[in-house]
$ cat entry.txt   # compact mmCIF, N, CA, C and O atoms
# COMPACT_ATOMS: atom_id res chain seq x y z
N MET A 1 59.87 63.49 72.04
CA MET A 1 61.05 64.15 72.57
C MET A 1 62.26 63.25 72.29
O MET A 1 62.19 62.04 72.44
N ALA A 2 63.33 63.86 71.87
CA ALA A 2 64.55 63.11 71.57
C ALA A 2 65.21 62.63 72.85
O ALA A 2 65.24 63.34 73.85
N GLU A 3 65.73 61.42 72.78
CA GLU A 3 66.43 60.89 73.94
C GLU A 3 67.84 61.45 73.99
O GLU A 3 68.46 61.67 72.95
N PRO A 4 68.36 61.71 75.18
CA PRO A 4 69.74 62.23 75.27
C PRO A 4 70.74 61.19 74.79
O PRO A 4 70.56 60.00 75.01
N ARG A 5 71.77 61.68 74.12
CA ARG A 5 72.83 60.78 73.66
C ARG A 5 73.65 60.32 74.84
O ARG A 5 73.93 61.09 75.76
N PRO A 6 74.03 59.06 74.85
CA PRO A 6 74.90 58.60 75.95
C PRO A 6 76.27 59.28 75.84
O PRO A 6 76.84 59.41 74.77
N VAL A 7 76.74 59.73 76.97
CA VAL A 7 78.02 60.42 77.01
C VAL A 7 79.10 59.41 77.32
O VAL A 7 78.99 58.63 78.25
N GLY A 8 80.17 59.44 76.51
CA GLY A 8 81.30 58.54 76.74
C GLY A 8 82.16 59.05 77.87
O GLY A 8 81.95 60.12 78.44
N ARG A 9 83.16 58.28 78.19
CA ARG A 9 84.09 58.66 79.25
C ARG A 9 84.86 59.91 78.84
O ARG A 9 85.39 59.99 77.74
N GLN A 10 84.92 60.87 79.71
CA GLN A 10 85.65 62.10 79.46
C GLN A 10 87.13 61.89 79.80
O GLN A 10 87.45 61.19 80.75
N PRO A 11 88.02 62.50 79.01
CA PRO A 11 89.45 62.34 79.33
C PRO A 11 89.78 63.01 80.66
O PRO A 11 89.26 64.07 80.99
N GLY A 12 90.67 62.38 81.39
CA GLY A 12 91.11 62.92 82.67
C GLY A 12 92.38 63.74 82.51
O GLY A 12 92.88 63.93 81.40
N TRP A 13 92.92 64.19 83.62
CA TRP A 13 94.11 65.04 83.56
C TRP A 13 95.31 64.28 83.04
O TRP A 13 96.19 64.85 82.41
N ARG A 14 95.37 62.97 83.27
CA ARG A 14 96.50 62.19 82.76
C ARG A 14 96.52 62.16 81.24
O ARG A 14 97.58 62.30 80.62
N GLU A 15 95.35 61.94 80.65
CA GLU A 15 95.27 61.92 79.19
C GLU A 15 95.60 63.28 78.60
O GLU A 15 96.31 63.38 77.59
N VAL A 16 95.11 64.34 79.22
CA VAL A 16 95.38 65.69 78.73
C VAL A 16 96.87 65.99 78.84
O VAL A 16 97.48 66.54 77.91
N LEU A 17 97.47 65.62 79.95
CA LEU A 17 98.90 65.84 80.14
C LEU A 17 99.72 65.04 79.12
O LEU A 17 100.69 65.55 78.56
N LEU A 18 99.31 63.81 78.85
CA LEU A 18 100.01 62.99 77.87
C LEU A 18 99.95 63.62 76.48
O LEU A 18 100.96 63.69 75.78
N VAL A 19 98.79 64.10 76.08
CA VAL A 19 98.65 64.76 74.77
C VAL A 19 99.51 66.01 74.72
O VAL A 19 100.18 66.29 73.71
N ALA A 20 99.55 66.78 75.80
CA ALA A 20 100.36 68.00 75.84
C ALA A 20 101.85 67.66 75.72
O ALA A 20 102.58 68.32 74.97
N VAL A 21 102.31 66.63 76.43
CA VAL A 21 103.72 66.23 76.37
C VAL A 21 104.07 65.75 74.96
O VAL A 21 105.13 66.10 74.41
N VAL A 22 103.20 64.98 74.35
CA VAL A 22 103.45 64.50 72.99
C VAL A 22 103.51 65.67 72.01
O VAL A 22 104.39 65.73 71.14
N ALA A 23 102.59 66.64 72.15
CA ALA A 23 102.57 67.79 71.26
C ALA A 23 103.86 68.60 71.39
O ALA A 23 104.47 69.00 70.38
N VAL A 24 104.30 68.84 72.61
CA VAL A 24 105.55 69.58 72.83
C VAL A 24 106.73 68.79 72.26
O VAL A 24 107.62 69.36 71.63
N GLY A 25 106.73 67.49 72.44
CA GLY A 25 107.80 66.66 71.91
C GLY A 25 107.86 66.69 70.38
O GLY A 25 108.95 66.76 69.80
N VAL A 26 106.71 66.67 69.75
CA VAL A 26 106.67 66.73 68.28
C VAL A 26 107.21 68.06 67.78
O VAL A 26 108.02 68.12 66.84
N VAL A 27 106.80 69.16 68.41
CA VAL A 27 107.27 70.48 67.99
C VAL A 27 108.77 70.61 68.24
O VAL A 27 109.52 71.13 67.39
N LEU A 28 109.24 70.16 69.39
CA LEU A 28 110.67 70.21 69.69
C LEU A 28 111.47 69.34 68.71
O LEU A 28 112.53 69.76 68.22
N GLY A 29 110.96 68.17 68.41
CA GLY A 29 111.62 67.30 67.45
C GLY A 29 111.68 67.93 66.06
O GLY A 29 112.70 67.84 65.37
N ALA A 30 110.59 68.57 65.64
CA ALA A 30 110.58 69.25 64.34
C ALA A 30 111.59 70.39 64.31
O ALA A 30 112.27 70.60 63.30
N ALA A 31 111.71 71.12 65.41
CA ALA A 31 112.69 72.22 65.46
C ALA A 31 114.11 71.68 65.38
O ALA A 31 114.95 72.25 64.67
N ILE A 32 114.38 70.59 66.04
CA ILE A 32 115.72 69.99 66.01
C ILE A 32 116.02 69.47 64.61
O ILE A 32 117.10 69.71 64.06
N LEU A 33 115.08 68.75 64.02
CA LEU A 33 115.29 68.23 62.67
C LEU A 33 115.49 69.35 61.65
O LEU A 33 116.32 69.24 60.75
N THR A 34 114.73 70.42 61.80
CA THR A 34 114.87 71.55 60.88
C THR A 34 116.24 72.19 61.01
O THR A 34 116.83 72.62 60.02
N SER A 35 116.77 72.25 62.22
CA SER A 35 118.08 72.86 62.41
C SER A 35 119.20 72.01 61.78
O SER A 35 120.27 72.52 61.49
N LEU A 36 118.94 70.73 61.56
CA LEU A 36 119.94 69.84 60.97
C LEU A 36 119.90 69.84 59.44
O LEU A 36 120.78 69.25 58.81
N LEU A 37 118.88 70.47 58.86
CA LEU A 37 118.75 70.49 57.40
C LEU A 37 119.80 71.40 56.78
O LEU A 37 120.28 72.34 57.41
N PRO A 38 120.14 71.15 55.50
CA PRO A 38 121.04 72.06 54.80
C PRO A 38 120.42 73.47 54.69
O PRO A 38 119.20 73.62 54.74
N THR A 39 121.25 74.48 54.51
CA THR A 39 120.80 75.87 54.50
C THR A 39 119.74 76.13 53.45
O THR A 39 118.77 76.85 53.70
N THR A 40 119.88 75.53 52.27
CA THR A 40 118.89 75.79 51.21
C THR A 40 117.52 75.26 51.59
O THR A 40 116.51 75.89 51.31
N VAL A 41 117.47 74.11 52.23
CA VAL A 41 116.19 73.55 52.65
C VAL A 41 115.63 74.35 53.83
O VAL A 41 114.42 74.57 53.91
N GLN A 42 116.50 74.82 54.73
CA GLN A 42 116.05 75.67 55.83
C GLN A 42 115.39 76.94 55.29
O GLN A 42 114.37 77.37 55.81
N GLU A 43 115.98 77.53 54.26
CA GLU A 43 115.39 78.73 53.67
C GLU A 43 114.02 78.43 53.10
O GLU A 43 113.10 79.25 53.21
N LEU A 44 113.85 77.27 52.47
CA LEU A 44 112.55 76.88 51.94
C LEU A 44 111.53 76.78 53.07
O LEU A 44 110.40 77.26 52.95
N VAL A 45 111.93 76.18 54.17
CA VAL A 45 111.01 76.00 55.30
C VAL A 45 110.67 77.33 55.95
O VAL A 45 109.50 77.61 56.26
N PHE A 46 111.68 78.19 56.15
CA PHE A 46 111.46 79.41 56.92
C PHE A 46 110.95 80.59 56.09
O PHE A 46 110.35 81.50 56.64
N HIS A 47 111.19 80.60 54.79
CA HIS A 47 110.84 81.77 53.98
C HIS A 47 109.70 81.52 53.00
O HIS A 47 109.47 82.33 52.11
N THR A 48 109.01 80.40 53.14
CA THR A 48 107.84 80.13 52.32
C THR A 48 106.70 79.73 53.26
O THR A 48 106.94 79.39 54.42
N PRO A 49 105.48 79.75 52.77
CA PRO A 49 104.35 79.36 53.62
C PRO A 49 104.18 77.84 53.73
O PRO A 49 103.07 77.32 53.79
N LEU A 50 105.28 77.12 53.78
CA LEU A 50 105.24 75.66 53.85
C LEU A 50 104.53 75.17 55.12
O LEU A 50 103.69 74.27 55.06
N ALA A 51 104.85 75.77 56.25
CA ALA A 51 104.24 75.34 57.51
C ALA A 51 102.72 75.57 57.49
O ALA A 51 101.95 74.73 57.97
N ILE A 52 102.30 76.67 56.89
CA ILE A 52 100.86 76.96 56.79
C ILE A 52 100.19 75.89 55.93
O ILE A 52 99.11 75.38 56.26
N GLY A 53 100.82 75.53 54.83
CA GLY A 53 100.27 74.48 53.97
C GLY A 53 100.16 73.14 54.68
O GLY A 53 99.14 72.45 54.57
N VAL A 54 101.20 72.80 55.41
CA VAL A 54 101.18 71.53 56.16
C VAL A 54 100.06 71.55 57.21
O VAL A 54 99.33 70.57 57.37
N LEU A 55 99.92 72.67 57.90
CA LEU A 55 98.86 72.77 58.91
C LEU A 55 97.47 72.70 58.27
O LEU A 55 96.56 72.05 58.82
N LEU A 56 97.28 73.34 57.13
CA LEU A 56 95.99 73.29 56.44
C LEU A 56 95.65 71.87 55.99
O LEU A 56 94.52 71.40 56.19
N VAL A 57 96.62 71.20 55.38
CA VAL A 57 96.37 69.84 54.91
C VAL A 57 96.12 68.91 56.10
O VAL A 57 95.19 68.09 56.07
N GLY A 58 96.90 69.03 57.15
CA GLY A 58 96.70 68.19 58.33
C GLY A 58 95.36 68.42 58.99
O GLY A 58 94.68 67.47 59.39
N THR A 59 94.94 69.67 59.09
CA THR A 59 93.65 69.99 59.68
C THR A 59 92.51 69.45 58.83
O THR A 59 91.54 68.88 59.35
N ALA A 60 92.61 69.63 57.51
CA ALA A 60 91.57 69.12 56.61
C ALA A 60 91.46 67.60 56.72
O ALA A 60 90.36 67.05 56.78
N TRP A 61 92.60 66.92 56.76
CA TRP A 61 92.60 65.46 56.88
C TRP A 61 91.95 65.03 58.19
O TRP A 61 91.13 64.10 58.23
N LEU A 62 92.31 65.71 59.29
CA LEU A 62 91.76 65.35 60.60
C LEU A 62 90.25 65.57 60.64
O LEU A 62 89.50 64.72 61.12
N LEU A 63 89.79 66.70 60.12
CA LEU A 63 88.35 66.96 60.10
C LEU A 63 87.62 65.95 59.22
O LEU A 63 86.51 65.52 59.54
N TRP A 64 88.23 65.56 58.10
CA TRP A 64 87.63 64.55 57.23
C TRP A 64 87.50 63.22 57.97
O TRP A 64 86.47 62.57 57.91
N ARG A 65 88.56 62.84 58.70
CA ARG A 65 88.52 61.59 59.46
C ARG A 65 87.43 61.62 60.53
O ARG A 65 86.71 60.65 60.73
N ILE A 66 87.32 62.75 61.22
CA ILE A 66 86.30 62.86 62.26
C ILE A 66 84.91 62.79 61.65
O ILE A 66 84.02 62.14 62.20
N SER A 67 84.72 63.43 60.51
CA SER A 67 83.39 63.44 59.89
C SER A 67 83.02 62.07 59.33
O SER A 67 81.83 61.77 59.16
N ARG A 68 83.97 61.22 59.03
CA ARG A 68 83.71 59.89 58.48
C ARG A 68 83.61 58.82 59.56
O ARG A 68 83.38 57.66 59.26
N ARG A 69 83.82 59.20 60.81
CA ARG A 69 83.76 58.23 61.91
C ARG A 69 82.34 57.69 62.04
O ARG A 69 81.38 58.42 61.96
N ALA A 70 82.24 56.41 62.24
CA ALA A 70 80.93 55.78 62.41
C ALA A 70 80.31 56.23 63.72
O ALA A 70 81.00 56.40 64.72
N PRO A 71 79.00 56.45 63.73
CA PRO A 71 78.35 56.86 64.98
C PRO A 71 78.54 55.81 66.07
O PRO A 71 78.47 54.61 65.82
N GLY A 72 78.81 56.30 67.26
CA GLY A 72 78.96 55.40 68.41
C GLY A 72 80.35 54.82 68.58
O GLY A 72 80.58 54.05 69.48
N SER A 73 81.30 55.20 67.71
CA SER A 73 82.65 54.65 67.89
C SER A 73 83.62 55.71 68.31
O SER A 73 83.35 56.85 68.45
$ encode --input "entry.txt" --output "structure tokens"
Amino acid sequence: MAEPRPVGRQPGWREVLLVAVVAVGVVLGAAILTSLLPTTVQELVFHTPLAIGVLLVGTAWLLWRISRRAPGS
């Protein structure tokens, strides 16, 4: 019979709240920075699938990092 894997410390409400605040801050910062861009660059951002591409690349990178993590770390 396989032995159960040891469970690490679960994040608490403080950690979850911190991640949520950081995520909101990043999105708000991106919106502010985008509003400061010249009109031609704003059109590129808003009228092309640039955001989808960035999200796909970021997600792929994150999943790759998670899959390469050493066991137990």
$ atom_distance --input "entry.txt" --atom1 "atom N of Phe46 in chain A" --atom2 "CA of Gly29 in chain A"
15.7 Å
$ select_by_dssp --input "entry.txt" --residues "chain A" --states "helix (DSSP H, G or I)" --output "PyMOL selection string"
chain A and resi 13-35+39-47+50-67
$ atom_distance --input "entry.txt" --atom1 "CA of Ala31 in chain A" --atom2 "CA of Ala51 in chain A"
12.0 Å
$ atom_distance --input "entry.txt" --atom1 "atom O of Ala20 in chain A" --atom2 "atom C of Leu33 in chain A"
18.6 Å
